[in-house]
Every structure is written in C-alpha cells, then in structure tokens.
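K.L.:
Pasting start_18.pdb below, which is PDB, C-alpha atoms, pLDDT in the B column.
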ATOM      1  CA  ASP A 224     120.838   1.856  -4.315  1.00 70.00           C
ATOM      2  CA  TYR A 225     119.866   4.884  -6.411  1.00 71.00           C
ATOM      3  CA  THR A 226     120.163   7.115  -3.344  1.00 76.00           C
ATOM      4  CA  LYS A 227     123.644   5.761  -2.683  1.00 78.00           C
ATOM      5  CA  GLU A 228     124.575   6.351  -6.314  1.00 76.00           C
ATOM      6  CA  ILE A 229     123.361   9.952  -6.003  1.00 77.00           C
ATOM      7  CA  GLU A 230     125.507  10.418  -2.882  1.00 75.00           C
ATOM      8  CA  ILE A 231     128.535   9.269  -4.875  1.00 79.00           C
ATOM      9  CA  TYR A 232     127.594  11.063  -8.114  1.00 74.00           C
ATOM     10  CA  PRO A 233     125.410  14.037  -7.073  1.00 81.00           C
ATOM     11  CA  THR A 234     125.324  15.456 -10.609  1.00 83.00           C
ATOM     12  CA  SER A 235     124.214  12.224 -12.291  1.00 87.00           C
ATOM     13  CA  PHE A 236     120.904  12.978 -14.000  1.00 90.00           C
ATOM     14  CA  VAL A 237     120.620   9.278 -14.849  1.00 91.00           C
ATOM     15  CA  ALA A 238     120.655   8.339 -11.161  1.00 91.00           C
ATOM     16  CA  TYR A 239     117.988  10.922 -10.311  1.00 91.00           C
ATOM     17  CA  GLY A 240     115.911   9.766 -13.272  1.00 95.00           C
ATOM     18  CA  ASN A 241     116.148   6.149 -12.172  1.00 94.00           C
ATOM     19  CA  ARG A 242     115.144   7.016  -8.605  1.00 94.00           C
ATOM     20  CA  ALA A 243     112.274   9.121  -9.914  1.00 96.00           C
ATOM     21  CA  ARG A 244     110.941   6.149 -11.901  1.00 95.00           C
ATOM     22  CA  ALA A 245     111.261   3.887  -8.855  1.00 95.00           C
ATOM     23  CA  ARG A 246     109.415   6.398  -6.682  1.00 96.00           C
ATOM     24  CA  TYR A 247     106.660   6.693  -9.287  1.00 97.00           C
ATOM     25  CA  ILE A 248     106.240   2.921  -9.436  1.00 96.00           C
ATOM     26  CA  PHE A 249     105.978   2.681  -5.647  1.00 96.00           C
ATOM     27  CA  GLY A 250     103.471   5.537  -5.441  1.00 97.00           C
ATOM     28  CA  ASP A 251     105.733   8.295  -4.113  1.00 97.00           C
ATOM     29  CA  LEU A 252     104.481  10.771  -6.694  1.00 98.00           C
ATOM     30  CA  ASN A 253     105.733  13.921  -4.996  1.00 98.00           C
ATOM     31  CA  GLY A 254     109.152  12.339  -4.590  1.00 97.00           C
ATOM     32  CA  ALA A 255     109.107  11.404  -8.269  1.00 98.00           C
ATOM     33  CA  VAL A 256     108.271  14.998  -9.249  1.00 98.00           C
ATOM     34  CA  ASP A 257     111.147  16.267  -7.083  1.00 97.00           C
ATOM     35  CA  ASP A 258     113.657  13.841  -8.606  1.00 96.00           C
ATOM     36  CA  TYR A 259     112.517  14.522 -12.161  1.00 97.00           C
ATOM     37  CA  THR A 260     112.863  18.249 -11.462  1.00 98.00           C
ATOM     38  CA  ILE A 261     116.476  17.774 -10.370  1.00 96.00           C
ATOM     39  CA  THR A 262     117.052  15.586 -13.440  1.00 96.00           C
ATOM     40  CA  ILE A 263     115.831  18.450 -15.625  1.00 97.00           C
ATOM     41  CA  GLN A 264     117.963  20.980 -13.770  1.00 97.00           C
ATOM     42  CA  ILE A 265     121.039  18.857 -14.479  1.00 97.00           C
ATOM     43  CA  ASN A 266     120.007  17.952 -18.030  1.00 97.00           C
ATOM     44  CA  PRO A 267     117.397  20.400 -19.429  1.00 97.00           C
ATOM     45  CA  ILE A 268     117.068  18.481 -22.699  1.00 97.00           C
ATOM     46  CA  CYS A 269     116.041  15.146 -21.149  1.00 97.00           C
ATOM     47  CA  ALA A 270     112.669  14.486 -22.776  1.00 98.00           C
ATOM     48  CA  GLN A 271     112.073  11.380 -20.666  1.00 97.00           C
ATOM     49  CA  ALA A 272     112.312  13.454 -17.483  1.00 98.00           C
ATOM     50  CA  TYR A 273     109.647  15.889 -18.679  1.00 98.00           C
ATOM     51  CA  ASP A 274     107.438  12.975 -19.711  1.00 98.00           C
ATOM     52  CA  GLY A 275     107.959  11.194 -16.391  1.00 98.00           C
ATOM     53  CA  ARG A 276     107.255  14.330 -14.400  1.00 98.00           C
ATOM     54  CA  GLY A 277     104.134  14.884 -16.493  1.00 98.00           C
ATOM     55  CA  LEU A 278     102.930  11.385 -15.639  1.00 98.00           C
ATOM     56  CA  ALA A 279     103.448  11.991 -11.926  1.00 98.00           C
ATOM     57  CA  LYS A 280     101.743  15.391 -12.080  1.00 98.00           C
ATOM     58  CA  ALA A 281      98.771  13.890 -13.915  1.00 98.00           C
ATOM     59  CA  LYS A 282      98.334  11.332 -11.120  1.00 97.00           C
ATOM     60  CA  LEU A 283      98.531  14.177  -8.604  1.00 98.00           C
ATOM     61  CA  ALA A 284      95.672  15.882 -10.490  1.00 97.00           C
ATOM     62  CA  ASP A 285      97.977  18.679 -11.679  1.00 98.00           C
ATOM     63  CA  VAL A 286      96.707  18.266 -15.233  1.00 98.00           C
ATOM     64  CA  ALA A 287      97.816  21.715 -16.399  1.00 98.00           C
ATOM     65  CA  GLY A 288     101.324  20.980 -15.132  1.00 98.00           C
ATOM     66  CA  ALA A 289     101.275  17.605 -16.856  1.00 98.00           C
ATOM     67  CA  ILE A 290     100.273  19.186 -20.171  1.00 98.00           C
ATOM     68  CA  LYS A 291     103.111  21.714 -19.866  1.00 98.00           C
ATOM     69  CA  ASP A 292     105.638  18.920 -19.249  1.00 98.00           C
ATOM     70  CA  TYR A 293     104.283  16.745 -22.056  1.00 98.00           C
ATOM     71  CA  THR A 294     104.524  19.723 -24.411  1.00 98.00           C
ATOM     72  CA  LYS A 295     108.189  20.236 -23.529  1.00 98.00           C
ATOM     73  CA  ALA A 296     108.868  16.508 -23.992  1.00 98.00           C
ATOM     74  CA  ILE A 297     107.278  16.679 -27.456  1.00 98.00           C
ATOM     75  CA  GLU A 298     109.384  19.713 -28.350  1.00 98.00           C
ATOM     76  CA  LEU A 299     112.490  17.689 -27.488  1.00 98.00           C
ATOM     77  CA  GLU A 300     111.262  14.437 -29.113  1.00 97.00           C
ATOM     78  CA  PRO A 301     108.591  15.277 -31.720  1.00 97.00           C
ATOM     79  CA  SER A 302     108.044  11.655 -32.711  1.00 95.00           C
ATOM     80  CA  SER A 303     107.053  10.381 -29.261  1.00 96.00           C
ATOM     81  CA  VAL A 304     103.666   8.745 -29.874  1.00 97.00           C
ATOM     82  CA  ALA A 305     103.131   7.864 -26.210  1.00 98.00           C
ATOM     83  CA  VAL A 306     103.576  11.461 -25.076  1.00 98.00           C
ATOM     84  CA  TYR A 307     101.132  12.776 -27.680  1.00 98.00           C
ATOM     85  CA  TYR A 308      98.643  10.201 -26.410  1.00 98.00           C
ATOM     86  CA  ARG A 309      99.158  11.164 -22.774  1.00 98.00           C
ATOM     87  CA  ARG A 310      98.795  14.854 -23.590  1.00 98.00           C
ATOM     88  CA  ALA A 311      95.597  14.113 -25.505  1.00 98.00           C
ATOM     89  CA  VAL A 312      94.154  12.329 -22.467  1.00 98.00           C
ATOM     90  CA  SER A 313      95.079  15.294 -20.279  1.00 98.00           C
ATOM     91  CA  HIS A 314      93.498  17.772 -22.699  1.00 98.00           C
ATOM     92  CA  GLY A 315      90.311  15.716 -22.538  1.00 98.00           C
ATOM     93  CA  LYS A 316      90.307  15.797 -18.737  1.00 97.00           C
ATOM     94  CA  VAL A 317      90.271  19.603 -18.688  1.00 97.00           C
ATOM     95  CA  GLY A 318      87.652  19.853 -21.437  1.00 98.00           C
ATOM     96  CA  ASN A 319      89.983  21.029 -24.193  1.00 98.00           C
ATOM     97  CA  PHE A 320      88.483  18.639 -26.716  1.00 98.00           C
ATOM     98  CA  SER A 321      89.801  20.337 -29.859  1.00 98.00           C
ATOM     99  CA  ALA A 322      93.375  20.030 -28.593  1.00 98.00           C
ATOM    100  CA  ALA A 323      92.706  16.421 -27.606  1.00 98.00           C
ATOM    101  CA  ILE A 324      91.468  15.687 -31.136  1.00 98.00           C
ATOM    102  CA  ASP A 325      94.616  17.242 -32.608  1.00 98.00           C
ATOM    103  CA  ASP A 326      96.862  15.095 -30.425  1.00 98.00           C
ATOM    104  CA  TYR A 327      94.915  11.884 -31.076  1.00 98.00           C
ATOM    105  CA  THR A 328      95.134  12.665 -34.788  1.00 98.00           C
ATOM    106  CA  LYS A 329      98.907  12.952 -34.433  1.00 98.00           C
ATOM    107  CA  VAL A 330      99.012   9.578 -32.672  1.00 98.00           C
ATOM    108  CA  ILE A 331      97.021   8.043 -35.532  1.00 98.00           C
ATOM    109  CA  GLU A 332      99.393   9.573 -38.094  1.00 98.00           C
ATOM    110  CA  PHE A 333     102.275   7.792 -36.372  1.00 97.00           C
ATOM    111  CA  ASN A 334     100.305   4.599 -35.702  1.00 97.00           C
ATOM    112  CA  PRO A 335      97.220   4.064 -37.920  1.00 98.00           C
ATOM    113  CA  THR A 336      96.255   0.929 -35.959  1.00 97.00           C
ATOM    114  CA  HIS A 337      96.029   2.643 -32.552  1.00 98.00           C
ATOM    115  CA  ALA A 338      92.472   1.618 -31.617  1.00 97.00           C
ATOM    116  CA  ASN A 339      92.381   3.614 -28.384  1.00 97.00           C
ATOM    117  CA  ALA A 340      93.387   6.788 -30.208  1.00 98.00           C
ATOM    118  CA  TYR A 341      90.460   6.355 -32.612  1.00 98.00           C
ATOM    119  CA  CYS A 342      88.098   5.556 -29.742  1.00 98.00           C
ATOM    120  CA  ASN A 343      89.198   8.511 -27.640  1.00 98.00           C
ATOM    121  CA  ARG A 344      89.236  10.891 -30.594  1.00 98.00           C
ATOM    122  CA  GLY A 345      85.688   9.811 -31.296  1.00 98.00           C
ATOM    123  CA  TRP A 346      84.748  10.493 -27.679  1.00 98.00           C
ATOM    124  CA  ALA A 347      86.239  13.998 -27.933  1.00 98.00           C
ATOM    125  CA  LYS A 348      84.347  14.618 -31.172  1.00 98.00           C
ATOM    126  CA  GLY A 349      81.156  13.561 -29.436  1.00 98.00           C
ATOM    127  CA  LYS A 350      81.828  16.128 -26.704  1.00 98.00           C
ATOM    128  CA  LEU A 351      81.822  18.729 -29.485  1.00 98.00           C
ATOM    129  CA  ASN A 352      78.537  17.283 -30.834  1.00 98.00           C
ATOM    130  CA  ASP A 353      80.248  15.798 -33.893  1.00 98.00           C
ATOM    131  CA  PHE A 354      78.402  12.513 -33.500  1.00 98.00           C
ATOM    132  CA  LYS A 355      78.953  11.367 -37.071  1.00 98.00           C
ATOM    133  CA  GLY A 356      82.670  11.881 -36.598  1.00 98.00           C
ATOM    134  CA  GLU A 357      82.469   9.917 -33.370  1.00 98.00           C
ATOM    135  CA  ILE A 358      80.703   7.053 -35.128  1.00 98.00           C
ATOM    136  CA  GLU A 359      83.344   7.004 -37.878  1.00 98.00           C
ATOM    137  CA  ASP A 360      86.196   6.864 -35.370  1.00 98.00           C
ATOM    138  CA  CYS A 361      84.515   4.206 -33.240  1.00 98.00           C
ATOM    139  CA  THR A 362      83.848   2.127 -36.360  1.00 98.00           C
ATOM    140  CA  ARG A 363      87.521   2.288 -37.287  1.00 98.00           C
ATOM    141  CA  ALA A 364      88.497   1.359 -33.718  1.00 98.00           C
ATOM    142  CA  ILE A 365      86.156  -1.647 -33.829  1.00 98.00           C
ATOM    143  CA  GLN A 366      87.739  -2.796 -37.097  1.00 98.00           C
ATOM    144  CA  ILE A 367      91.108  -2.780 -35.320  1.00 98.00           C
ATOM    145  CA  HIS A 368      89.906  -4.142 -31.963  1.00 97.00           C
ATOM    146  CA  PRO A 369      86.540  -5.895 -32.391  1.00 97.00           C
ATOM    147  CA  MET A 370      86.384  -7.250 -28.830  1.00 97.00           C
ATOM    148  CA  ASN A 371      86.497  -3.928 -26.969  1.00 97.00           C
ATOM    149  CA  ALA A 372      83.157  -3.379 -25.214  1.00 98.00           C
ATOM    150  CA  LEU A 373      83.822   0.283 -24.462  1.00 97.00           C
ATOM    151  CA  ILE A 374      84.087   1.175 -28.142  1.00 98.00           C
ATOM    152  CA  TYR A 375      80.718  -0.414 -28.916  1.00 98.00           C
ATOM    153  CA  CYS A 376      79.216   1.409 -25.942  1.00 98.00           C
ATOM    154  CA  ASN A 377      80.621   4.742 -27.126  1.00 98.00           C
ATOM    155  CA  ARG A 378      79.374   4.197 -30.663  1.00 98.00           C
ATOM    156  CA  ALA A 379      75.959   3.229 -29.301  1.00 98.00           C
ATOM    157  CA  ALA A 380      75.733   6.555 -27.455  1.00 98.00           C
ATOM    158  CA  ALA A 381      76.648   8.436 -30.627  1.00 98.00           C
ATOM    159  CA  LEU A 382      74.092   6.469 -32.643  1.00 98.00           C
ATOM    160  CA  TYR A 383      71.488   7.299 -30.019  1.00 98.00           C
ATOM    161  CA  ASN A 384      72.366  10.975 -30.325  1.00 98.00           C
ATOM    162  CA  ILE A 385      71.675  10.975 -34.075  1.00 98.00           C
ATOM    163  CA  GLY A 386      68.422   9.068 -33.607  1.00 98.00           C
ATOM    164  CA  ASP A 387      69.546   5.677 -34.933  1.00 98.00           C
ATOM    165  CA  PHE A 388      68.014   3.796 -32.020  1.00 98.00           C
ATOM    166  CA  ALA A 389      67.976   0.351 -33.644  1.00 98.00           C
ATOM    167  CA  SER A 390      71.721   0.477 -34.297  1.00 98.00           C
ATOM    168  CA  ALA A 391      72.332   1.814 -30.790  1.00 98.00           C
ATOM    169  CA  ILE A 392      70.446  -1.169 -29.334  1.00 98.00           C
ATOM    170  CA  GLU A 393      72.507  -3.529 -31.480  1.00 98.00           C
ATOM    171  CA  ASP A 394      75.817  -2.002 -30.370  1.00 98.00           C
ATOM    172  CA  CYS A 395      74.793  -2.113 -26.714  1.00 98.00           C
ATOM    173  CA  GLY A 396      73.979  -5.788 -27.150  1.00 98.00           C
ATOM    174  CA  LYS A 397      77.459  -6.393 -28.513  1.00 98.00           C
ATOM    175  CA  ALA A 398      79.055  -4.480 -25.630  1.00 98.00           C
ATOM    176  CA  ILE A 399      77.041  -6.532 -23.132  1.00 98.00           C
ATOM    177  CA  GLU A 400      78.025  -9.748 -24.884  1.00 98.00           C
ATOM    178  CA  ILE A 401      81.698  -8.835 -24.474  1.00 98.00           C
ATOM    179  CA  ASN A 402      81.415  -7.432 -20.945  1.00 98.00           C
ATOM    180  CA  PRO A 403      78.121  -8.265 -19.210  1.00 97.00           C
ATOM    181  CA  GLN A 404      79.255  -6.634 -15.946  1.00 97.00           C
ATOM    182  CA  ASP A 405      79.318  -3.068 -17.288  1.00 97.00           C
ATOM    183  CA  ALA A 406      76.169  -1.140 -16.336  1.00 97.00           C
ATOM    184  CA  ASN A 407      76.550   1.595 -18.967  1.00 97.00           C
ATOM    185  CA  PRO A 408      75.427  -0.290 -22.086  1.00 98.00           C
ATOM    186  CA  TYR A 409      72.319  -1.488 -20.246  1.00 97.00           C
ATOM    187  CA  ARG A 410      71.458   2.094 -19.441  1.00 96.00           C
ATOM    188  CA  THR A 411      72.089   3.292 -23.018  1.00 97.00           C
ATOM    189  CA  ARG A 412      70.112   0.390 -24.438  1.00 97.00           C
ATOM    190  CA  GLY A 413      67.282   1.193 -22.052  1.00 97.00           C
ATOM    191  CA  MET A 414      67.255   4.760 -23.344  1.00 96.00           C
ATOM    192  CA  ALA A 415      67.118   3.548 -26.949  1.00 98.00           C
ATOM    193  CA  LYS A 416      64.386   0.999 -26.220  1.00 97.00           C
ATOM    194  CA  ARG A 417      62.289   3.729 -24.673  1.00 95.00           C
ATOM    195  CA  GLN A 418      62.546   5.743 -27.877  1.00 96.00           C
ATOM    196  CA  VAL A 419      61.183   2.821 -29.906  1.00 97.00           C
ATOM    197  CA  GLY A 420      58.300   2.235 -27.477  1.00 95.00           C
ATOM    198  CA  ASP A 421      59.640  -0.857 -25.695  1.00 96.00           C
ATOM    199  CA  SER A 422      58.752   0.144 -22.126  1.00 94.00           C
ATOM    200  CA  ASP A 423      59.144  -3.352 -20.664  1.00 94.00           C
ATOM    201  CA  GLY A 424      62.570  -3.754 -22.245  1.00 96.00           C
ATOM    202  CA  THR A 425      63.544  -0.295 -21.015  1.00 96.00           C
ATOM    203  CA  ILE A 426      62.658  -1.140 -17.406  1.00 95.00           C
ATOM    204  CA  GLN A 427      64.471  -4.470 -17.656  1.00 96.00           C
ATOM    205  CA  ASP A 428      67.648  -2.808 -18.867  1.00 96.00           C
ATOM    206  CA  TYR A 429      67.566  -0.060 -16.251  1.00 96.00           C
ATOM    207  CA  THR A 430      66.966  -2.712 -13.591  1.00 95.00           C
ATOM    208  CA  LYS A 431      69.966  -4.693 -14.799  1.00 96.00           C
ATOM    209  CA  ALA A 432      72.112  -1.568 -14.762  1.00 97.00           C
ATOM    210  CA  ILE A 433      71.087  -0.966 -11.149  1.00 96.00           C
ATOM    211  CA  GLU A 434      71.820  -4.589 -10.209  1.00 96.00           C
ATOM    212  CA  ILE A 435      75.355  -4.129 -11.495  1.00 97.00           C
ATOM    213  CA  ASN A 436      75.822  -0.652 -10.049  1.00 96.00           C
ATOM    214  CA  SER A 437      73.570   0.039  -7.094  1.00 94.00           C
ATOM    215  CA  ASN A 438      74.660   3.696  -7.084  1.00 94.00           C
ATOM    216  CA  PHE A 439      73.666   4.352 -10.707  1.00 93.00           C
ATOM    217  CA  PHE A 440      71.613   7.502 -10.038  1.00 92.00           C
ATOM    218  CA  ASP A 441      70.618   8.128 -13.663  1.00 91.00           C
ATOM    219  CA  ALA A 442      69.291   4.585 -14.035  1.00 92.00           C
ATOM    220  CA  TYR A 443      67.086   4.931 -10.959  1.00 90.00           C
ATOM    221  CA  CYS A 444      65.704   8.266 -12.192  1.00 91.00           C
ATOM    222  CA  SER A 445      65.105   7.019 -15.728  1.00 91.00           C
ATOM    223  CA  ARG A 446      63.419   3.836 -14.519  1.00 93.00           C
ATOM    224  CA  GLY A 447      61.155   5.887 -12.285  1.00 89.00           C
ATOM    225  CA  VAL A 448      60.092   8.078 -15.206  1.00 89.00           C
ATOM    226  CA  VAL A 449      59.252   5.066 -17.371  1.00 90.00           C
ATOM    227  CA  LYS A 450      57.295   3.381 -14.571  1.00 87.00           C
ATOM    228  CA  THR A 451      55.335   6.594 -14.058  1.00 87.00           C
ATOM    229  CA  ASP A 452      54.573   6.802 -17.781  1.00 81.00           C
ATOM    230  CA  CYS A 453      53.354   3.200 -17.645  1.00 85.00           C
ATOM    231  CA  GLY A 454      51.028   3.995 -14.745  1.00 80.00           C
ATOM    232  CA  ASP A 455      53.128   2.243 -12.108  1.00 73.00           C
ATOM    233  CA  VAL A 456      53.352   5.263  -9.811  1.00 66.00           C
ATOM    234  CA  GLU A 457      53.833   3.079  -6.732  1.00 70.00           C
ATOM    235  CA  GLY A 458      56.762   1.309  -8.390  1.00 69.00           C
ATOM    236  CA  ALA A 459      58.246   4.664  -9.412  1.00 60.00           C
ATOM    237  CA  VAL A 460      58.134   5.861  -5.819  1.00 58.00           C
TER     238      VAL A 460
END
Go ahead and express the file in the form of structure tokens.

P.N.:
Amino acid sequence: DYTKEIEIYPTSFVAYGNRARARYIFGDLNGAVDDYTITIQINPICAQAYDGRGLAKAKLADVAGAIKDYTKAIELEPSSVAVYYRRAVSHGKVGNFSAAIDDYTKVIEFNPTHANAYCNRGWAKGKLNDFKGEIEDCTRAIQIHPMNALIYCNRAAALYNIGDFASAIEDCGKAIEINPQDANPYRTRGMAKRQVGDSDGTIQDYTKAIEINSNFFDAYCSRGVVKTDCGDVEGAV
C-alpha cells in the first residue's frame, strides 16, 4: 500500500517515512535506510526520519552513522528524550563514555525517574573507573526499579571494585533472587567470596555460573585457579 501511495504521490515524504518504518519492523534495514534518506531529501527538517534512519543504522552496526543521525534529530527536536537515550547507548558502544554520560544526564533531566538512564550512566561511569559514581547511580535506579536484577549485578561489580566485598555478595544474592538464570551474578559473587576467603562458596558459585552458561570462559578459568590454590590440581585440570 505504501509503495502504491508513493507511485501516486512520489514527493510524499510521509509515504516514504511510513514505508521506511514498515521495512524496519520487518527487518529490511537497508530498505528502511534508503526510504528514510529519500524522506530527508524531500523534507530535510523531519526529525523522525533522522531518528528512524539512526535506529536502522545502529542495527546495521553503523554506529557512527547512527550517532550522526541522532545528533541531527536532536538539533531539530531538542526535547526528544528517546533520541538522547539512543545516542547515549550508541556512544557507549563505541567507547565514548563521557559523551554517553552527558546524554544519559540529559535524559535524567527530562525524566528523573528513568531507571535505565541511571543504570546505564552508572555503567559508563564505571568504565571510567568512577565506581562511587556508578554505585550512586545504580542505587538511584534500584530505588526507582527495585526488581531489576541487572542493576543489582552492576552495583555489585562496582562494590567489588572498591573492595566492599560483603555488599557485593549481598547485591549478587538479590540479583540471583530476581533472576536465577543469569550466570553473571554468580561469577561476581564467586569473585567476592574468594576475596573474603570462602573458597568452597567461590567454587560453588563458579560452578553454578558454568551450569547456566557452559561457554563462560572466565568462570572456568577462575574456578581452575581457586581449585589449584586449594590443592585440587586434578580438578583444576
């Protein structure tokens, strides 16, 4: 139907935009990029077209292109919270953590109850070794969304990095309680237990992580090290 509409109205940016969205939904990402590009050629101030093309480019792993499109969309609609969030995610993917923090901060200014923005900003802070900042953001995210296992897991890793192993163990336990099928909190808890001298608990947690994810390379390596330290060289091998 959209194609027929375009045949009748070949300069309708709305028709191209609608077909671009349909193509994106059905997985034709290159087709979506092409249609959004024509939409922009017809209407260069269509913020939604830049945003949509950015989404398609991000899925095509053209993160730099996505960031460029998101930036143009923001220039045209400076109050678009969703686009700031998407650009922040893209900045994080290419390792531009300072820019990601700035964009997540903007999202939070618009929406102070955006738990994912706090969580992701905390993650970006952690990448810059600001672990206390990460803990603060994760704590705020937990206050907003107390049943999100990922946030507890992220805060546990930050707590581990500042040497608060008891709190890290506690947060991992909460993450496991919420989502017992995620291997990551078992691995982090195993790391923390090792630091407090609980070798048996460490091995148990690494083993559980491996049961959940049989390809968890780090868990195999870490368990082998602990078994070796405990004198179980045969088990380590």

K.L.:
One decimal, Å: what's the distance from atom CA of Asp423 of chain A over to atom CA of Ala391 of chain A, could you say?

P.N.:
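Atom CA of Asp423 of chain A sits 17.4 Å away from atom CA of Ala391 of chain A.
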
K.L.:
Could you list, as JSON, numbers by chain, every residue matched by the PyMOL selection byres ((chain A and resi 319-322) around 12) in this structure?

P.N.:
{"A": [286, 287, 290, 294, 307, 308, 310, 311, 312, 313, 314, 315, 316, 317, 318, 323, 324, 325, 326, 327, 328, 329, 343, 344, 345, 346, 347, 348, 349, 350, 351, 352, 353]}

K.L.:
Write to file, as an mmCIF file, in the coordinates of the input, the residues of the selection just made, with C-alpha atoms.

P.N.:
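Saved as result.cif:
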data_model
loop_
_atom_site.group_PDB
_atom_site.id
_atom_site.type_symbol
_atom_site.label_atom_id
_atom_site.label_comp_id
_atom_site.auth_asym_id
_atom_site.auth_seq_id
_atom_site.Cartn_x
_atom_site.Cartn_y
_atom_site.Cartn_z
ATOM 1 C CA VAL A 286 96.707 18.266 -15.233
ATOM 2 C CA ALA A 287 97.816 21.715 -16.399
ATOM 3 C CA ILE A 290 100.273 19.186 -20.171
ATOM 4 C CA THR A 294 104.524 19.723 -24.411
ATOM 5 C CA TYR A 307 101.132 12.776 -27.680
ATOM 6 C CA TYR A 308 98.643 10.201 -26.410
ATOM 7 C CA ARG A 310 98.795 14.854 -23.590
ATOM 8 C CA ALA A 311 95.597 14.113 -25.505
ATOM 9 C CA VAL A 312 94.154 12.329 -22.467
ATOM 10 C CA SER A 313 95.079 15.294 -20.279
ATOM 11 C CA HIS A 314 93.498 17.772 -22.699
ATOM 12 C CA GLY A 315 90.311 15.716 -22.538
ATOM 13 C CA LYS A 316 90.307 15.797 -18.737
ATOM 14 C CA VAL A 317 90.271 19.603 -18.688
ATOM 15 C CA GLY A 318 87.652 19.853 -21.437
ATOM 16 C CA ALA A 323 92.706 16.421 -27.606
ATOM 17 C CA ILE A 324 91.468 15.687 -31.136
ATOM 18 C CA ASP A 325 94.616 17.242 -32.608
ATOM 19 C CA ASP A 326 96.862 15.095 -30.425
ATOM 20 C CA TYR A 327 94.915 11.884 -31.076
ATOM 21 C CA THR A 328 95.134 12.665 -34.788
ATOM 22 C CA LYS A 329 98.907 12.952 -34.433
ATOM 23 C CA ASN A 343 89.198 8.511 -27.640
ATOM 24 C CA ARG A 344 89.236 10.891 -30.594
ATOM 25 C CA GLY A 345 85.688 9.811 -31.296
ATOM 26 C CA TRP A 346 84.748 10.493 -27.679
ATOM 27 C CA ALA A 347 86.239 13.998 -27.933
ATOM 28 C CA LYS A 348 84.347 14.618 -31.172
ATOM 29 C CA GLY A 349 81.156 13.561 -29.436
ATOM 30 C CA LYS A 350 81.828 16.128 -26.704
ATOM 31 C CA LEU A 351 81.822 18.729 -29.485
ATOM 32 C CA ASN A 352 78.537 17.283 -30.834
ATOM 33 C CA ASP A 353 80.248 15.798 -33.893
#

K.L.:
Please, what distance in Å, to one decimal, runs between atom CA of Lys397 of chain A and atom CA of Lys416 of chain A?

P.N.:
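These two atoms are separated by 15.2 Å.
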
K.L.:
Separation of atom CA of Glu359 of chain A and atom CA of Phe388 of chain A, in Å?

P.N.:
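Those two atoms sit 16.7 Å apart.
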
K.L.:
Running the PyMOL selection byres ((chain A and resi 225-241) around 8) on this model by hand, what would come out? Give it as a PyMOL selection string.

P.N.:
chain A and resi 224+242-245+258-259+261-263+265-266+272
